[in-house]
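Text of input.cif, listed as mmCIF, C-alpha atoms:
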```cif
data_model
loop_
_atom_site.label_atom_id
_atom_site.label_comp_id
_atom_site.auth_asym_id
_atom_site.auth_seq_id
_atom_site.Cartn_x
_atom_site.Cartn_y
_atom_site.Cartn_z
CA MET A 947 36.45 -58.78 -23.28
CA LYS A 948 40.00 -57.76 -22.34
CA ALA A 949 42.71 -59.90 -23.96
CA TYR A 950 46.43 -59.91 -24.79
CA VAL A 951 46.51 -59.84 -28.58
CA TYR A 952 49.30 -59.87 -31.15
CA GLY A 953 48.65 -56.96 -33.51
CA ALA A 954 50.36 -55.11 -36.35
CA ASN A 955 52.49 -53.20 -33.82
CA GLY A 956 53.23 -56.16 -31.56
CA ALA A 957 51.51 -57.70 -28.54
CA ALA A 958 49.27 -55.53 -26.37
CA ILE A 959 46.15 -55.66 -24.22
CA GLY A 960 43.05 -54.83 -26.22
CA ASP A 961 39.45 -55.81 -26.84
CA ALA A 962 38.54 -59.16 -28.36
CA PRO A 963 35.22 -60.93 -28.92
CA LYS A 964 34.11 -63.08 -26.00
CA PRO A 965 34.19 -66.71 -27.22
CA SER A 966 31.19 -69.04 -27.01
CA PRO A 967 31.59 -72.78 -26.35
CA THR A 968 30.38 -75.20 -29.01
CA GLY A 969 30.21 -78.98 -29.06
CA THR A 970 32.39 -80.42 -26.28
CA GLN A 971 33.92 -77.06 -25.36
CA VAL A 972 33.60 -75.17 -22.09
CA LEU A 973 33.89 -71.45 -21.44
CA VAL A 974 36.14 -70.55 -18.51
CA ARG A 975 36.29 -67.27 -16.64
CA VAL A 976 40.07 -66.98 -16.37
CA LYS A 977 41.56 -66.14 -12.97
CA ALA A 978 45.28 -66.75 -13.58
CA CYS A 979 47.56 -67.67 -16.49
CA GLY A 980 50.98 -69.30 -16.69
CA LEU A 981 53.60 -67.96 -19.12
CA ASN A 982 55.52 -70.35 -21.38
CA ARG A 983 58.49 -69.99 -23.73
CA ALA A 984 56.29 -70.58 -26.76
CA ASP A 985 54.19 -67.60 -25.67
CA LEU A 986 57.30 -65.42 -25.66
CA GLY A 987 57.99 -66.32 -29.27
CA MET A 988 54.41 -65.58 -30.25
CA THR A 989 54.63 -62.09 -28.70
CA LYS A 990 57.25 -61.45 -31.39
CA GLY A 991 55.05 -62.75 -34.20
CA HIS A 992 56.28 -66.34 -34.35
CA VAL A 993 53.79 -69.03 -35.26
CA HIS A 994 53.34 -71.99 -32.91
CA GLY A 995 51.72 -74.82 -34.82
CA ALA A 996 48.59 -73.39 -36.44
CA ALA A 997 48.41 -70.47 -34.00
CA GLY A 998 50.01 -67.06 -34.26
CA GLY A 999 50.13 -63.92 -36.33
CA VAL A 1000 48.14 -60.70 -36.31
CA GLY A 1001 44.85 -60.93 -34.45
CA THR A 1002 45.86 -63.91 -32.29
CA VAL A 1003 44.86 -63.89 -28.63
CA LEU A 1004 48.00 -65.29 -27.00
CA GLY A 1005 48.50 -67.79 -24.19
CA MET A 1006 48.10 -71.53 -23.68
CA GLU A 1007 47.42 -72.35 -20.01
CA TRP A 1008 45.18 -70.95 -17.31
CA ALA A 1009 43.06 -71.66 -14.25
CA GLY A 1010 39.57 -70.38 -13.57
CA GLU A 1011 35.89 -71.18 -13.15
CA ILE A 1012 33.59 -72.72 -15.72
CA ALA A 1013 31.08 -70.10 -16.87
CA GLU A 1014 29.24 -71.94 -19.64
CA LEU A 1015 29.07 -75.39 -21.23
CA GLY A 1016 28.85 -76.44 -24.85
CA PRO A 1017 25.91 -78.77 -25.59
CA GLU A 1018 28.11 -81.89 -25.67
CA ALA A 1019 30.49 -81.07 -22.78
CA LYS A 1020 30.61 -83.80 -20.14
CA GLY A 1021 32.23 -84.36 -16.76
CA VAL A 1022 32.07 -80.69 -15.72
CA LYS A 1023 29.50 -78.17 -14.57
CA VAL A 1024 29.17 -74.40 -14.33
CA GLY A 1025 31.10 -73.12 -11.32
CA ASP A 1026 33.74 -75.87 -11.30
CA ARG A 1027 37.26 -74.66 -10.50
CA VAL A 1028 39.50 -75.98 -13.27
CA MET A 1029 42.91 -75.67 -14.87
CA GLY A 1030 43.62 -76.49 -18.46
CA SER A 1031 45.32 -75.73 -21.73
CA GLY A 1032 44.33 -74.45 -25.14
CA GLY A 1033 44.78 -71.36 -27.29
CA ALA A 1034 43.80 -67.80 -26.44
CA ALA A 1035 44.44 -68.16 -22.71
CA PHE A 1036 45.50 -64.57 -21.95
CA ALA A 1037 41.98 -63.17 -21.74
CA GLU A 1038 39.07 -62.70 -19.37
CA PHE A 1039 37.40 -65.76 -20.91
CA ALA A 1040 38.83 -68.78 -22.73
CA VAL A 1041 37.37 -71.89 -24.33
CA THR A 1042 38.80 -75.37 -24.44
CA ASP A 1043 37.68 -78.95 -24.94
CA HIS A 1044 36.22 -80.72 -21.90
CA GLY A 1045 39.03 -83.29 -22.21
CA ARG A 1046 41.77 -80.68 -21.72
CA LEU A 1047 40.82 -79.87 -18.15
CA PHE A 1048 41.82 -80.90 -14.66
CA HIS A 1049 39.60 -80.21 -11.66
CA MET A 1050 41.54 -78.13 -9.15
CA PRO A 1051 42.22 -79.67 -5.73
CA THR A 1052 40.11 -77.91 -3.10
CA SER A 1053 43.03 -76.23 -1.33
CA MET A 1054 44.91 -75.13 -4.48
CA SER A 1055 45.02 -71.47 -5.50
CA PHE A 1056 44.37 -70.30 -9.04
CA GLU A 1057 47.95 -68.99 -9.16
CA ASP A 1058 49.40 -72.41 -8.37
CA ALA A 1059 46.93 -74.25 -10.59
CA CYS A 1060 47.76 -72.27 -13.72
CA THR A 1061 51.40 -73.36 -13.52
CA LEU A 1062 50.65 -77.05 -13.95
CA PRO A 1063 48.71 -78.05 -17.11
CA VAL A 1064 51.45 -77.65 -19.74
CA ALA A 1065 54.29 -78.91 -17.55
CA ILE A 1066 52.54 -81.96 -16.14
CA THR A 1067 51.04 -83.15 -19.43
CA THR A 1068 54.20 -82.50 -21.44
CA MET A 1069 56.53 -84.27 -19.06
CA HIS A 1070 54.34 -87.21 -18.12
CA ASN A 1071 53.96 -87.89 -21.83
CA ALA A 1072 57.71 -87.50 -22.43
CA LEU A 1073 58.97 -89.48 -19.45
CA VAL A 1074 56.36 -92.19 -19.05
CA THR A 1075 54.35 -92.63 -22.26
CA ASN A 1076 57.13 -92.05 -24.79
CA GLY A 1077 60.23 -92.39 -22.62
CA GLY A 1078 59.10 -95.62 -20.97
CA LEU A 1079 60.76 -94.72 -17.68
CA GLN A 1080 60.82 -97.66 -15.27
CA PRO A 1081 61.66 -97.81 -11.55
CA GLY A 1082 65.40 -98.13 -11.01
CA GLN A 1083 66.39 -96.48 -14.29
CA SER A 1084 68.44 -93.32 -14.78
CA VAL A 1085 67.25 -90.13 -16.46
CA LEU A 1086 68.77 -86.83 -17.59
CA ILE A 1087 66.59 -83.74 -18.03
CA GLN A 1088 68.23 -81.22 -20.36
CA GLY A 1089 66.99 -77.75 -19.46
CA ALA A 1090 65.88 -78.80 -16.00
CA SER A 1091 65.54 -75.34 -14.46
CA SER A 1092 62.59 -74.37 -16.66
CA GLY A 1093 59.09 -74.91 -15.30
CA VAL A 1094 58.55 -78.04 -17.38
CA GLY A 1095 62.08 -79.20 -16.49
CA LEU A 1096 61.45 -78.88 -12.75
CA MET A 1097 58.26 -80.90 -13.20
CA ALA A 1098 60.20 -83.56 -15.11
CA LEU A 1099 62.65 -83.97 -12.22
CA GLN A 1100 59.77 -84.47 -9.81
CA ILE A 1101 57.89 -86.94 -12.01
CA ALA A 1102 61.08 -88.96 -12.56
CA ARG A 1103 61.62 -89.18 -8.81
CA LEU A 1104 57.95 -90.05 -8.21
CA LYS A 1105 58.13 -92.86 -10.79
CA GLY A 1106 61.08 -94.44 -9.02
CA ALA A 1107 64.08 -93.38 -11.10
CA LYS A 1108 67.31 -94.48 -9.40
CA THR A 1109 69.46 -91.62 -10.69
CA VAL A 1110 67.98 -88.26 -11.71
CA ILE A 1111 70.28 -85.73 -13.41
CA GLY A 1112 69.34 -82.20 -14.45
CA SER A 1113 71.15 -79.58 -16.51
CA SER A 1114 71.18 -75.79 -16.28
CA THR A 1115 73.69 -73.29 -17.62
CA ASP A 1116 72.98 -70.87 -14.76
CA ALA A 1117 74.96 -71.59 -11.59
CA ALA A 1118 72.33 -70.29 -9.17
CA ARG A 1119 69.52 -72.25 -10.77
CA ARG A 1120 71.74 -75.32 -11.10
CA ALA A 1121 72.30 -75.21 -7.34
CA ARG A 1122 68.53 -75.43 -6.80
CA LEU A 1123 67.90 -78.54 -8.90
CA LYS A 1124 68.51 -80.92 -6.01
CA ASP A 1125 65.56 -79.32 -4.23
CA PHE A 1126 63.35 -80.75 -6.97
CA GLY A 1127 64.74 -84.28 -7.06
CA ALA A 1128 68.06 -84.14 -8.94
CA ASP A 1129 70.89 -86.32 -7.64
CA LEU A 1130 73.36 -84.51 -9.90
CA ALA A 1131 73.22 -81.08 -11.55
CA ILE A 1132 75.36 -80.42 -14.63
CA ASP A 1133 76.18 -77.48 -16.88
CA SER A 1134 75.48 -78.46 -20.50
CA LYS A 1135 77.95 -75.78 -21.66
CA ASP A 1136 80.75 -77.48 -19.71
CA ALA A 1137 82.76 -79.66 -22.10
CA GLY A 1138 83.07 -82.33 -19.41
CA TRP A 1139 79.40 -82.87 -18.64
CA VAL A 1140 79.18 -86.17 -20.54
CA ASP A 1141 81.97 -87.60 -18.39
CA GLN A 1142 80.06 -86.53 -15.26
CA VAL A 1143 76.96 -88.38 -16.47
CA LEU A 1144 78.97 -91.49 -17.35
CA LYS A 1145 80.63 -91.47 -13.93
CA ALA A 1146 77.25 -91.17 -12.22
CA THR A 1147 75.91 -94.16 -14.18
CA GLY A 1148 78.86 -96.53 -13.79
CA GLY A 1149 80.15 -95.77 -17.28
CA ASP A 1150 76.96 -96.92 -19.02
CA GLY A 1151 75.12 -93.66 -19.66
CA VAL A 1152 71.52 -92.88 -18.75
CA ASP A 1153 68.53 -94.96 -19.75
CA LEU A 1154 66.59 -91.87 -20.82
CA ILE A 1155 67.26 -88.28 -21.81
CA VAL A 1156 64.42 -85.76 -22.02
CA ASP A 1157 65.94 -83.03 -24.17
CA GLN A 1158 64.63 -79.47 -24.22
CA ILE A 1159 67.86 -78.04 -25.68
CA SER A 1160 68.68 -80.01 -28.89
CA GLY A 1161 70.98 -78.11 -31.28
CA PRO A 1162 74.48 -78.04 -29.77
CA VAL A 1163 73.98 -80.92 -27.30
CA ALA A 1164 72.63 -83.50 -29.76
CA ASN A 1165 75.84 -85.49 -30.19
CA GLN A 1166 76.79 -85.19 -26.52
CA ASN A 1167 73.38 -86.63 -25.69
CA LEU A 1168 74.17 -89.66 -27.83
CA LYS A 1169 77.40 -90.22 -25.90
CA ALA A 1170 75.61 -89.85 -22.57
CA THR A 1171 72.85 -92.35 -23.38
CA LYS A 1172 73.39 -96.05 -22.74
CA VAL A 1173 73.24 -98.65 -25.49
CA MET A 1174 69.56 -99.19 -26.35
CA GLY A 1175 68.59 -96.12 -24.33
CA ARG A 1176 66.04 -93.48 -25.30
CA ILE A 1177 66.14 -89.77 -26.10
CA VAL A 1178 62.87 -87.82 -26.21
CA ASN A 1179 63.15 -84.51 -28.05
CA VAL A 1180 60.73 -82.16 -26.28
CA GLY A 1181 62.23 -78.74 -27.02
CA ARG A 1182 64.79 -76.94 -29.12
CA LEU A 1183 65.80 -73.97 -27.00
CA GLY A 1184 69.41 -74.35 -28.16
CA GLY A 1185 68.52 -74.45 -31.85
CA THR A 1186 66.41 -76.42 -34.30
CA HIS A 1187 69.38 -77.52 -36.43
CA GLY A 1188 72.80 -78.94 -35.70
CA ASP A 1189 75.35 -81.63 -36.44
CA PHE A 1190 74.14 -85.18 -35.73
CA ASN A 1191 76.38 -88.24 -35.52
CA PHE A 1192 74.27 -90.83 -37.31
CA ASP A 1193 76.89 -93.53 -36.83
CA LEU A 1194 77.00 -93.04 -33.06
CA HIS A 1195 73.21 -93.08 -32.98
CA ALA A 1196 73.20 -96.41 -34.81
CA ALA A 1197 76.09 -97.90 -32.84
CA ARG A 1198 74.40 -97.19 -29.50
CA ARG A 1199 71.03 -98.31 -30.93
CA ILE A 1200 69.29 -95.34 -29.38
CA ASN A 1201 65.55 -94.84 -29.75
CA TYR A 1202 65.25 -91.13 -30.64
CA ILE A 1203 61.68 -89.84 -30.30
CA GLY A 1204 60.26 -86.45 -31.24
CA VAL A 1205 57.18 -85.10 -29.46
CA THR A 1206 55.05 -81.96 -29.73
CA PHE A 1207 51.48 -80.92 -29.04
CA ARG A 1208 51.40 -78.95 -32.29
CA THR A 1209 50.53 -81.92 -34.51
CA ARG A 1210 48.46 -83.97 -32.08
CA SER A 1211 44.79 -84.60 -32.67
CA LEU A 1212 42.23 -83.56 -30.09
CA GLN A 1213 41.76 -87.20 -29.12
CA GLU A 1214 45.50 -87.65 -28.61
CA ILE A 1215 45.55 -84.64 -26.29
CA ARG A 1216 42.54 -85.97 -24.39
CA ASP A 1217 44.39 -89.26 -23.95
CA ILE A 1218 47.41 -87.42 -22.49
CA PHE A 1219 45.21 -85.67 -19.92
CA SER A 1220 43.51 -88.98 -19.10
CA ALA A 1221 46.90 -90.67 -18.60
CA VAL A 1222 47.94 -87.97 -16.13
CA ARG A 1223 44.69 -88.36 -14.18
CA ALA A 1224 45.04 -92.12 -14.03
CA ASP A 1225 48.72 -92.24 -13.14
CA ILE A 1226 49.96 -89.24 -11.16
CA TRP A 1227 47.01 -87.02 -10.27
CA PRO A 1228 46.92 -88.26 -6.66
CA ALA A 1229 50.45 -86.87 -6.28
CA VAL A 1230 49.21 -83.47 -7.51
CA GLU A 1231 46.34 -83.54 -5.02
CA ALA A 1232 48.80 -84.45 -2.26
CA GLY A 1233 51.09 -81.54 -3.15
CA GLN A 1234 53.96 -83.80 -4.24
CA LEU A 1235 54.05 -82.39 -7.77
CA LYS A 1236 54.11 -78.59 -7.80
CA LEU A 1237 56.06 -75.74 -9.31
CA PRO A 1238 57.55 -72.68 -7.65
CA ILE A 1239 56.15 -69.35 -8.71
CA ASP A 1240 58.92 -66.89 -9.48
CA LYS A 1241 56.72 -63.81 -9.71
CA VAL A 1242 53.07 -62.85 -10.04
CA TYR A 1243 51.96 -59.88 -12.15
CA ALA A 1244 48.59 -58.21 -12.64
CA PHE A 1245 47.18 -58.81 -16.12
CA ASP A 1246 47.68 -55.13 -16.99
CA ASP A 1247 51.42 -55.71 -16.45
CA ILE A 1248 51.68 -58.75 -18.73
CA GLY A 1249 54.18 -56.97 -20.97
CA THR A 1250 56.48 -56.52 -17.98
CA ALA A 1251 55.99 -60.19 -17.14
CA PHE A 1252 57.28 -61.16 -20.58
CA ASN A 1253 60.25 -58.81 -20.20
CA HIS A 1254 61.04 -60.69 -16.99
CA MET A 1255 60.83 -64.00 -18.85
CA GLU A 1256 63.06 -62.75 -21.65
CA ALA A 1257 65.71 -61.67 -19.12
CA ASN A 1258 65.95 -65.40 -18.29
CA LYS A 1259 66.79 -65.00 -14.62
CA HIS A 1260 63.72 -66.66 -13.15
CA LEU A 1261 63.33 -70.10 -11.58
CA GLY A 1262 59.90 -71.64 -11.93
CA LYS A 1263 56.77 -70.09 -13.38
CA ILE A 1264 55.77 -66.52 -14.10
CA VAL A 1265 52.06 -65.93 -13.50
CA VAL A 1266 49.58 -63.20 -14.42
CA THR A 1267 46.27 -62.76 -12.59
CA LEU A 1268 42.96 -61.34 -13.71
#
```
Could you render the structure as structure tokens?
Amino acid sequence: MKAYVYGANGAAIGDAPKPSPTGTQVLVRVKACGLNRADLGMTKGHVHGAAGGVGTVLGMEWAGEIAELGPEAKGVKVGDRVMGSGGAAFAEFAVTDHGRLFHMPTSMSFEDACTLPVAITTMHNALVTNGGLQPGQSVLIQGASSGVGLMALQIARLKGAKTVIGSSTDAARRARLKDFGADLAIDSKDAGWVDQVLKATGGDGVDLIVDQISGPVANQNLKATKVMGRIVNVGRLGGTHGDFNFDLHAARRINYIGVTFRTRSLQEIRDIFSAVRADIWPAVEAGQLKLPIDKVYAFDDIGTAFNHMEANKHLGKIVVTL
């Protein structure tokens, strides 16, 4: 089958063995794939969890039709239109566990469907399961103009947050955040952004920060979080290391939580998908939770799609179709 593979000379489209589903796996004929930042790193040879390196079929989210079932797969049948996540997504066929799938709403396109699995599972888990967001609370999404960030704004609004704040360092994208539920949009490179957050929250700080930046904003996040608030570390786009004010962390009694799919068990991932279905899936079916598509590329142009992502001028998801 045709696949986007990292090889000795970098990432390129080539031939790869067609996978076969075993156990609880399903085989999906891929129709569209969503690009993610972790994919960009892997095109350069970076390892993401246990995946990466020469010979790796890249990609982690897709939408398509079920072509074959493993002997223990349940809740699905051949021909079902599904979206899901798992490794080796950038290919004509992909396999994943039956618990890492969502059935596509009838009216949803494959292009729209492939934008959702990573964003909706990541941010429901960060905001609701780990962040404990309650109606009437305030939340700040660091890195809100990314696909997962835009989804976080929408989920926070859906779950009844009183004040929703989003950050972006790009003025044009920052101006769009209110379209996705932000009451206030800040620039995390502006030295005064903490004061803006404090003003918006009556001097207290936010109840919850979902941080995709880390690195240089770590101590500012502590100042912007209320006493006994929560910070959920989802991403480290600004750097994996940095100064951290341990005394301020202790003084404000902040619950600082790290999350990643890389070290989760299969059952933990199944539970995350189940939580989304039980809590917010009706909003997906109703079109309340959706992501804008910045640009769609043919699969043969996937290299150009990644160049577009690396230029970092897009808002929303970049999609490739097969």
Return as an NGL selection string the set of residues that the PyMOL selection byres ((chain A and resi 1244-1261) around 9) yields on the displayed structure. :A and (950 or 957-959 or 978-979 or 981-983 or 985-986 or 989 or 1036-1037 or 1091-1093 or 1116 or 1119 or 1122 or 1238-1243 or 1262-1268)
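One distance worth recording is that between CA of Val1163 (chain A) and CA of Gly1127 (chain A), which is 22.5 Å.
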Option closest in space to Ser1055 (chain A), from A:Gly1185, A:Asn1071, A:Asn1179, A:Lys1236 [counting all atoms listed in the file]: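 The closest residue to Ser1055 (chain A) is A:Lys1236.
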Using only C-alpha atoms for the distances, tell me which of A:Ala1224, A:Lys1172, A:Asn955, A:Ser1134 is nearest to Gly1148 (chain A).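 The answer is A:Lys1172, which sits nearest to Gly1148 (chain A).
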Residue members of the PyMOL selection byres ((chain A and resi 1066) around 12) in the file shown, as a PyMOL selection string: chain A and resi 1007+1029-1031+1048+1059-1065+1067-1074+1093-1102+1218-1223+1225-1227+1229-1230+1235-1237
Rounded to one decimal place, report the CA of Glu1038 (chain A)-CA of Ala1232 (chain A) distance in Å.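 Computing it gives 29.3 Å between the two atoms.
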I need the output of the PyMOL selection byres ((chain A and resi 1114) around 12) for this file as a PyMOL selection string; which residues are they? chain A and resi 1086-1092+1095-1096+1111-1113+1115-1124+1128+1130-1136+1139+1157-1159+1258-1259+1261
Keeping only C-alpha atoms, take the residues you just selected and write them out as a PDB file, in the coordinates of the input.
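Output file part_12.pdb is given in full below:
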```
ATOM      1  CA  LEU A1086      68.770 -86.830 -17.590  1.00  0.00           C
ATOM      2  CA  ILE A1087      66.590 -83.740 -18.030  1.00  0.00           C
ATOM      3  CA  GLN A1088      68.230 -81.220 -20.360  1.00  0.00           C
ATOM      4  CA  GLY A1089      66.990 -77.750 -19.460  1.00  0.00           C
ATOM      5  CA  ALA A1090      65.880 -78.800 -16.000  1.00  0.00           C
ATOM      6  CA  SER A1091      65.540 -75.340 -14.460  1.00  0.00           C
ATOM      7  CA  SER A1092      62.590 -74.370 -16.660  1.00  0.00           C
ATOM      8  CA  GLY A1095      62.080 -79.200 -16.490  1.00  0.00           C
ATOM      9  CA  LEU A1096      61.450 -78.880 -12.750  1.00  0.00           C
ATOM     10  CA  ILE A1111      70.280 -85.730 -13.410  1.00  0.00           C
ATOM     11  CA  GLY A1112      69.340 -82.200 -14.450  1.00  0.00           C
ATOM     12  CA  SER A1113      71.150 -79.580 -16.510  1.00  0.00           C
ATOM     13  CA  THR A1115      73.690 -73.290 -17.620  1.00  0.00           C
ATOM     14  CA  ASP A1116      72.980 -70.870 -14.760  1.00  0.00           C
ATOM     15  CA  ALA A1117      74.960 -71.590 -11.590  1.00  0.00           C
ATOM     16  CA  ALA A1118      72.330 -70.290  -9.170  1.00  0.00           C
ATOM     17  CA  ARG A1119      69.520 -72.250 -10.770  1.00  0.00           C
ATOM     18  CA  ARG A1120      71.740 -75.320 -11.100  1.00  0.00           C
ATOM     19  CA  ALA A1121      72.300 -75.210  -7.340  1.00  0.00           C
ATOM     20  CA  ARG A1122      68.530 -75.430  -6.800  1.00  0.00           C
ATOM     21  CA  LEU A1123      67.900 -78.540  -8.900  1.00  0.00           C
ATOM     22  CA  LYS A1124      68.510 -80.920  -6.010  1.00  0.00           C
ATOM     23  CA  ALA A1128      68.060 -84.140  -8.940  1.00  0.00           C
ATOM     24  CA  LEU A1130      73.360 -84.510  -9.900  1.00  0.00           C
ATOM     25  CA  ALA A1131      73.220 -81.080 -11.550  1.00  0.00           C
ATOM     26  CA  ILE A1132      75.360 -80.420 -14.630  1.00  0.00           C
ATOM     27  CA  ASP A1133      76.180 -77.480 -16.880  1.00  0.00           C
ATOM     28  CA  SER A1134      75.480 -78.460 -20.500  1.00  0.00           C
ATOM     29  CA  LYS A1135      77.950 -75.780 -21.660  1.00  0.00           C
ATOM     30  CA  ASP A1136      80.750 -77.480 -19.710  1.00  0.00           C
ATOM     31  CA  TRP A1139      79.400 -82.870 -18.640  1.00  0.00           C
ATOM     32  CA  ASP A1157      65.940 -83.030 -24.170  1.00  0.00           C
ATOM     33  CA  GLN A1158      64.630 -79.470 -24.220  1.00  0.00           C
ATOM     34  CA  ILE A1159      67.860 -78.040 -25.680  1.00  0.00           C
ATOM     35  CA  ASN A1258      65.950 -65.400 -18.290  1.00  0.00           C
ATOM     36  CA  LYS A1259      66.790 -65.000 -14.620  1.00  0.00           C
ATOM     37  CA  LEU A1261      63.330 -70.100 -11.580  1.00  0.00           C
TER      38      LEU A1261
END
```
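Among the candidates A:Val1022, A:Arg1046, A:Pro963, A:Lys1145, the one nearest to Glu1214 (chain A) when counting only C-alpha atoms is A:Arg1046.
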CA of Leu1183 (chain A) to CA of Thr1206 (chain A): how many Å, to one decimal?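 Distance reported for this atom pair: 13.7 Å.
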Pick from A:Thr1052, A:Ser1084, A:Gln1234, A:Gln971 nearest to Ala1170 (chain A), counting all atoms listed in the file: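 Among the listed residues, the smallest separation from Ala1170 (chain A) belongs to A:Ser1084.
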Nearest to Ser966 (chain A), chosen from A:Arg1208, A:Asp1189, A:Val1041, A:Gly953, with all atoms listed in the file counted in the distances: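 Looking at the shortest contact to Ser966 (chain A), the residue is A:Val1041.
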Could you give me, as a list in words, the residues within 7 Å of Gly1184 (chain A), counting only C-alpha atoms and dropping anything in the same chain fewer than 2 positions from it?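 The neighbour list is Ile1159, Ser1160, Gly1161, Pro1162 and Arg1182 of chain A.
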Take the residues from that selection and put them in a file with C-alpha atoms, as a tab-separated table (two decimals), in the frame of the given file.
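Final output, saved to part24.tsv:
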```tsv
chain	number	residue	atom	x	y	z
A	1159	ILE	CA	67.86	-78.04	-25.68
A	1160	SER	CA	68.68	-80.01	-28.89
A	1161	GLY	CA	70.98	-78.11	-31.28
A	1162	PRO	CA	74.48	-78.04	-29.77
A	1182	ARG	CA	64.79	-76.94	-29.12
```
Using only C-alpha atoms, can you tell me which of A:His1044, A:Arg1103, A:Lys1169, A:Lys977 comes closest to Arg1199 (chain A)? A:Lys1169
Which polymer residues have any atom within 10 Å of an atom of Leu973 (chain A), counting all atoms listed in the file, with same-chain residues fewer than 5 positions away left out, as a list of chain:residue names? A:Lys964, A:Pro965, A:Ser966, A:Pro967, A:Thr968, A:Gly1010, A:Glu1011, A:Ile1012, A:Ala1013, A:Glu1014, A:Leu1015, A:Gly1016, A:Val1024, A:Phe1039, A:Ala1040, A:Val1041, A:Thr1042, A:Asp1043, A:His1044
Can those selected residues be exported to a file as a short mmCIF file (atom, residue, chain, number, x, y, z; two decimals), keeping the file's coordinate frame so that it contains C-alpha atoms?
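out-v5.cif, freshly written:
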```
data_model
loop_
_atom_site.label_atom_id
_atom_site.label_comp_id
_atom_site.auth_asym_id
_atom_site.auth_seq_id
_atom_site.Cartn_x
_atom_site.Cartn_y
_atom_site.Cartn_z
CA LYS A 964 34.11 -63.08 -26.00
CA PRO A 965 34.19 -66.71 -27.22
CA SER A 966 31.19 -69.04 -27.01
CA PRO A 967 31.59 -72.78 -26.35
CA THR A 968 30.38 -75.20 -29.01
CA GLY A 1010 39.57 -70.38 -13.57
CA GLU A 1011 35.89 -71.18 -13.15
CA ILE A 1012 33.59 -72.72 -15.72
CA ALA A 1013 31.08 -70.10 -16.87
CA GLU A 1014 29.24 -71.94 -19.64
CA LEU A 1015 29.07 -75.39 -21.23
CA GLY A 1016 28.85 -76.44 -24.85
CA VAL A 1024 29.17 -74.40 -14.33
CA PHE A 1039 37.40 -65.76 -20.91
CA ALA A 1040 38.83 -68.78 -22.73
CA VAL A 1041 37.37 -71.89 -24.33
CA THR A 1042 38.80 -75.37 -24.44
CA ASP A 1043 37.68 -78.95 -24.94
CA HIS A 1044 36.22 -80.72 -21.90
#
```
Excluding Leu1194 (chain A) and any residue of its chain fewer than 4 positions from it, enumerate the residues within 10 Å of it, using only C-alpha atoms, and give them as a ChimeraX atom specification. /A:1165,1168-1169,1190,1198-1200
With 4 Å of padding per side, what axis-aligned box (centre and edge lengths, Å, one decimal) covers all the listed atoms of region 1038-1055 of chain A? Give it as JSON.
```
{"center_x": 40.6, "center_y": -73.0, "center_z": -13.1, "size_x": 16.8, "size_y": 28.6, "size_z": 31.6}
```
